[in-house]
Every structure is written in C-alpha cells, then in structure tokens.
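One structure is given below, encoded as structure tokens.
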Amino acid sequence: MSVPVIPLIHTARRGASDFALTPAVPVVAPAELEAVARRFVSDLATDSPIDLDVATDAPLGVAIRLELAADGLDALPATGGIRADGDSHADERHGLAIAENGIRVWGATPEAVHRGLTTLRQLITAHAGDGVAQLPALEAVDAPRFAWRGLSLDVARTFHDVETVRRVIDMCSLYKLNVLHLHLTDDQGWRLEVPEWPSLTEVGARGAFGDRQGGFYTRADVASLVDYAADRFVTIVPEIDMPGHTAAVFASYPELAPENPLTIESIPGFDLSIGTLDPDRELTWTFVNDVVRSAVEQFRQSAYVHLGGDEAFGMADEAHAAFVDRAISVIKDHGKLALGWQEIARAGIGAGDVVQYWMEPNESADGFESDALKAMVPEAFLPMLLETLAKSVHDVPTALDKGATLLVSPTSRLYFDRPHLAESADPAQEETRARVGLPVYPPASLRDGVEWDPIDETPVVDSDDRIGGVEAAVWCETVTSRDDLEFLLLPRLAGAGEKAWAARNTTEWASYSARLAGQAGAWDRRGWNWFRSSEVAWP
Ligand code: TNX
C-alpha cells in the first residue's frame, strides 16, 4: 500500500479503522525519549496545524506512546554501509502502529524512534485539517538500506549563513538523511577558523564565487550547527579540499603557493585554478596538520575527515599520490578515518578508506568533452582538463580493487547543481530555472533523480556490500542566494532520501510523484523556496 511518506516504508499494512488525532492527544515518552518527543512536537507544529503536548507521567488512555523496544523488528533486513559518526551500536529499525485507541512508535534507540516519528510527522502533515488529523490505521516497520545518507553542501563558492545551513539540516532530517558534508574550502573561499593560520579567515574567507560576499563560521557557529544537527540525528562531516582547489589558501599564505599558480577565470561559470599544495615542502604539512586538528576539534561528532583530492589540475600523478597518502596519515594520526573524492583511488588507499564516486565513466564523453565545454575552456587549459577527467574513468574500479568503500554520488543522478529539466508549473519560476544550475551539465528531471539504483549506477559493483552509502551534492557556482539553493534542493533532496533509504528497485514514479505532492504543504509552511516541477500534480 502507498503511504504518503518519503522515503518509501519497508513494510506497511493498512488497517480498517481511522484514528482522529486532536491536540488533546498527548505524546507520552519515558525520560530517555523526552528530547526526541519534544523535537517531534516542535517540528510537527511547524509543518502542520497540529500542536501537541509531551507528557512524561504516562497517563492512561488515548496517546501517542514512544517506547524503547524492538519487538517485531527482527525480520527487517540489516542496514548496510558505514556510519559517519562511527557508532557501531547504531540501530535505526523502528515500528509505527496507528489504531483506533492510539499510536505507538518504537525502536531500540532514540535515533530509531526519531526516524519513526519523522514518518508520523509526514503522515500527520499529509492528513491534517483544521486542528485534527484523520489518520488511517496502519502497521509499519521500517529500516534504512544504507547507514550513510548524505548531502554535500558547497559553502565555499557561496557562503551560506548559519540560518541557511540550519534550514538545510531540517530538510535532511525530514527525508531521513543523516549526514551533512560541508565543503568548507575551495579556490573562491575558506570558511573554517584555524587558530594558527589567522589569514585563512582574515583574507581567504573574504571572497566567494564572482563578486559574492564571503564569510566564515566562527567556532561558536560550528558548535551551534553541530548541536543543531545532532538534535536531529544528523552528523556534520567537514571537507578540507586539498591539494587542488586551494587558491584561497595561496591568497592567504603566498608561502604555501606554487611558483606560478594560474587562475583560469575566463571559463564562464567555472573559475578553476591551477596550482596545488606542494607535498615536498614541510610548511605544507604544518599547515595540513593544523587545519585537520581544527576540523577534528570543531566537528567532534564526525568519525571522518574529507580531504577532497579532486581535480588537482597541473599536478603530476606521483606528487598527487604522495600528497594524498600523507594527508590520510595526518587524518589517522588525529584519530579519524579518511575519505576523499574518487581521484584518491590513485594513492595508497585500502580497507577503511572511503572513496566518493562522482564522475561516471560516460561522463567524460557525454558531459565534459561536450562542444559546449570545449567552447568555454581556453585552449591552453583544455588538454589538462580533459586528461584529468579522462583518468577518472579508472578510479572507481581501482578503489574497489584496493579494498576501499564507496560513497555513491554519480553526477547524473545526485548532482543537484544540474539545471531542472521540466518547466515549472509557476511561470514566475522560469527565470530562476534558466539561471540556476551549471549549464555544462545536461538538465535533469525529478524522475531521473529517483528511477535508478546505486548498484546499477556504479561500475563493477554488483551488490550493496561495497557501498558505504549514498550522498547527493549541491555545488554553488550558480547559486547566488538562499532562495537559489532551496530551488535546487527541493524537491530533489526527497529523492536522495528515497534512494539512500528504500529497498533496491522499489521506487515507482506514479507512487513517488503522488507521495511528493503530499510534501508541498510542509514546504510552504516552512517558507522553503521549492521548484514546482510540472512533472508532479501538486495540490
Ligand atoms: C566538479 S565534484 C567539482 C566541483 C565543481 C563541480 C560542479 C568535484 C569533486 N569537483 O569543484 O563545483 O564539479 O558540478
């Protein structure tokens, strides 16, 4: 049966009767679940007109009862993949039962109960009238397919303020995504405080893409975001992009720069730079060590540090591999695990390292070697660009050979900086649709975003065993504001939740688009600027 919820529930049986939820029905929780109960009540009051109260003294009678219990959950398939917080006892399996006499939500951990309450929140929102929600009786048990369900957010090309990042965390949480990967550094800007290297934030943070204003997160900002995310069972993973994409570092500390860093500003909409950190200079390693230490201290919940490793234009293969090897050992010295974009497969990686698969084998032919790109790129730079991209074809098989785990982020399915393909049902959005999204990519529909499977989309892989998780990415070269960002994220982010959570090949477009239509009310109440794709019959 189809329940108006995203991601799709694993097993759901509809009962005969209905349950009328009114504000008089309390949410009853034991002390260990009180925080989770309060989070639910507050989120529900934001998404819907239903405002409930939490009771901890367990009154008898009709209620929404939360319990730490695992009955009926054993038959669910085990969750695969890796946890960004490294929690080896994590368990997200949960149950949700709605009957005439009330509602029960249960699971073995507070996180599991929170996921079940997220389902209930969407269900109530979809059925809410004026102060009453008429809920269909239901017996559901659910568990995620992958433990790492993420979004990578580029805060370097556009600096997104703390409030914007909070809104993104709310969106992730609503679709059961549990990782926010922050791309904190790039050529155009540096966003992380590093006490030993103050110019990074005094100089490197000033800029952003084009003439946009820069900025950075203070230590207090990061602490508040980490807490905000943790309250919603989301882990923030920091990325420090090295050894390329480092023009902002060189602007702050010219002594770290190569002899002739070259910025190719003339590629419209790209602003790539050539010039990388030098692994043969000891100062480079003082810098990397200090930066990694600061990231580890501030993002204390994350078991991983992302070292970037992508597009080291103009760097010899040996130097790139040497850099990545030593960067990984710095991360490990700080007690963390390493991950990087797929290019790190060329270094000495192995089991325990995570490789983020982004560039598809056919992408170099279909996208990057397109006439559109060739027309944009200055002649002197084109061979270097094509060579770098062509090598990427081998990265994923190499990473698997070496024993690494894959994070699945193929550009055609999960890069949300693709332009939207379908027209908007609201003509006023067409100007934004024409402007937002990188023009070198073929535009993508919402349907493209859900009619695929991580196994089929990954070279060599034929089971879930080598997949650590699924992560979408939103790069912000064309994003000028919070509104632009939300326009790319919604509705697409719901699809990322569906692919990362729901069982293999269970998404059907007719069901998905109907479930998606049911989300619009919550988005409007939140004031999120979502793309009204004409592919969906919105209410
Ligand atoms: C490639 S994805 C990049 C980013 C760009 C993005 C645009 C990756 C690892 N590197 O620097 O922003 O394409 O989609």
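Convention: chains lettered A, B, ... in structure tokens order; per-chain residue numbering from 1; ligands numbered from 1 as shown.
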
DSSP strand (DSSP E) selection over range 138-299 of chain A, as an MDAnalysis selection string: chainID A and resid 138:142 148:154 179:183 185:186 189:190 235:242 262:264 272:274

Environment of ligand 1 within 10 Å, counting only C-alpha atoms and all ligand atoms, reported as a PyMOL selection string: chain A and resi 152+154+156-157+183+186-187+241+244-245+269-272+308-312+340-343+356-359+389+409-411+415-418+437-441+473-478

Using only C-alpha atoms, which residues sit within 6 Å of Ile64 in chain A once same-chain residues fewer than 3 positions away are excluded, as a PyMOL selection string? chain A and resi 27+102-104

Within 9 Å of Ser329 in chain A using only C-alpha atoms, minus same-chain residues under 5 positions, as a compact mmCIF listing (two decimals) with C-alpha atoms, in the first residue's frame:
```txt
# COMPACT_ATOMS: atom_id res chain seq x y z
CA VAL A 324 47.01 12.04 -0.55
CA HIS A 334 44.19 12.66 14.68
CA ALA A 338 39.73 9.42 5.76
```

Quick one: everything within 9 Å of Leu400 in chain A, counting only C-alpha atoms, minus sequence neighbours fewer than 6 positions away in the same chain. Send it as a ChimeraX atom specification. /A:345,350,406,460-461,466

Please, could you write that set of residues out with all heavy atoms as a short mmCIF file (atom, residue, chain, number, x, y, z; two decimals), in the first residue's frame?
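Ended up saving to out22.cif:
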```
data_model
loop_
_atom_site.label_atom_id
_atom_site.label_comp_id
_atom_site.auth_asym_id
_atom_site.auth_seq_id
_atom_site.Cartn_x
_atom_site.Cartn_y
_atom_site.Cartn_z
N ALA A 345 41.70 7.35 -5.28
CA ALA A 345 41.95 5.93 -5.58
C ALA A 345 43.35 5.72 -6.14
O ALA A 345 43.89 4.61 -6.08
CB ALA A 345 40.91 5.41 -6.57
N GLY A 350 43.21 1.89 1.12
CA GLY A 350 42.87 0.50 1.38
C GLY A 350 41.59 0.40 2.18
O GLY A 350 40.82 1.36 2.27
N LEU A 406 32.81 2.56 -1.11
CA LEU A 406 32.35 3.64 -1.99
C LEU A 406 31.19 4.41 -1.40
O LEU A 406 30.24 3.82 -0.88
CB LEU A 406 31.85 3.07 -3.32
CG LEU A 406 32.82 2.54 -4.34
CD1 LEU A 406 32.04 2.22 -5.61
CD2 LEU A 406 33.93 3.54 -4.64
N VAL A 460 31.38 -1.94 -11.90
CA VAL A 460 31.95 -3.10 -11.21
C VAL A 460 31.08 -3.62 -10.06
O VAL A 460 31.01 -4.82 -9.83
CB VAL A 460 33.39 -2.82 -10.67
CG1 VAL A 460 34.01 -4.10 -10.12
CG2 VAL A 460 34.29 -2.23 -11.74
N VAL A 461 30.38 -2.74 -9.37
CA VAL A 461 29.65 -3.16 -8.18
C VAL A 461 28.41 -3.97 -8.54
O VAL A 461 27.66 -3.58 -9.42
CB VAL A 461 29.26 -1.91 -7.36
CG1 VAL A 461 28.16 -2.20 -6.37
CG2 VAL A 461 30.48 -1.34 -6.64
N ARG A 466 29.89 -3.32 -1.11
CA ARG A 466 30.99 -2.36 -1.20
C ARG A 466 30.51 -0.92 -1.11
O ARG A 466 31.30 0.00 -1.28
CB ARG A 466 31.75 -2.58 -2.52
CG ARG A 466 32.32 -3.98 -2.67
CD ARG A 466 33.25 -4.36 -1.52
NE ARG A 466 34.42 -3.50 -1.48
CZ ARG A 466 35.48 -3.64 -2.26
NH1 ARG A 466 35.54 -4.63 -3.12
NH2 ARG A 466 36.50 -2.82 -2.14
#
```

Could you make a table, as CSV, of the residues of range 476-538 of chain A that have an atom within 9 Å of an atom of range 158-173 of chain A, each with its nearest atom pair and distance in Å to one decimal, counting only C-alpha atoms, in chain and number order?
```
residue,atom,partner,partner_atom,distance
A:Cys476,CA,A:Thr158,CA,5.9
A:Glu477,CA,A:Thr158,CA,7.3
A:Thr478,CA,A:Thr158,CA,8.8
A:Val479,CA,A:Thr158,CA,6.8
A:Thr480,CA,A:Thr158,CA,6.8
A:Ser481,CA,A:Thr158,CA,7.9
A:Arg482,CA,A:Thr164,CA,6.5
A:Glu486,CA,A:Val168,CA,8.2
A:Leu489,CA,A:Val168,CA,8.5
A:Leu490,CA,A:Met171,CA,8.6
A:Leu493,CA,A:Cys172,CA,7.4
A:Ala494,CA,A:Cys172,CA,8.3
A:Gly497,CA,A:Cys172,CA,8.0
A:Arg526,CA,A:Arg167,CA,9.0
A:Trp528,CA,A:Arg167,CA,8.4
```

Selected residue of minimal separation from Val354 in chain A among A:Ile240, A:Val292, A:Ala84, A:Ala208, counting only C-alpha atoms: A:Ala84

DSSP alpha helix (DSSP H) selection over range 381-514 of chain A, as a ChimeraX atom specification: /A:382-391,395-401,411-414,430-435,446-450,482-489,492-501,509-514

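The smallest atom-to-atom distance between Ala12 in chain A and any of A:Ala517, A:Val105, A:Leu138, A:Ala29, using only C-alpha atoms, is found for A:Leu138.
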
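Using only C-alpha atoms for every distance, the candidate list A:Gln301, A:Thr458, A:Thr109, A:Thr405 yields A:Gln301 as the residue closest to Thr235 in chain A.
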
For the interface of range 13-49 of chain A with range 123-135 of chain A (cut-off 9 Å, counting only C-alpha atoms), please tabulate each contacting residue of range 13-49 of chain A alongside its nearest pair of atoms and their separation in Å to one decimal, rows sorted by chain and increasing number, as a tab-separated table.
```
residue	atom	partner	partner_atom	distance
A:Ser17	CA	A:Leu135	CA	8.9
A:Asp18	CA	A:Leu135	CA	5.5
A:Phe19	CA	A:Leu135	CA	5.1
A:Ala20	CA	A:Gln134	CA	4.6
A:Leu21	CA	A:Ala133	CA	5.0
A:Thr22	CA	A:Val132	CA	4.8
A:Pro23	CA	A:Gly131	CA	6.9
A:Leu44	CA	A:Thr125	CA	7.5
A:Asp47	CA	A:Thr125	CA	6.5
A:Ser48	CA	A:Thr125	CA	5.1
A:Pro49	CA	A:Gly131	CA	5.8
```

Long-range neighbours of Pro238 in chain A as a PyMOL selection string, 9 Å cut-off, only C-alpha atoms, 6 positions minimum in chain: chain A and resi 180-184+295-296+299+302+304-307

Quick check, in Å to one decimal: how far apart do CA of His89 in chain A and CA of Ala31 in chain A lie? 20.4 Å

List the spatial neighbours of Val330 in chain A as a VMD selection string - criterion: any atom at most 10 Å away, only C-alpha atoms, same-chain residues fewer than 4 positions off excluded. chain A and resid 285 288 to 290 292 to 293 324 to 326 334 to 338

Please report the interatomic distance between CA of Glu535 in chain A and CA of Pro136 in chain A in Å with one decimal. 27.4 Å
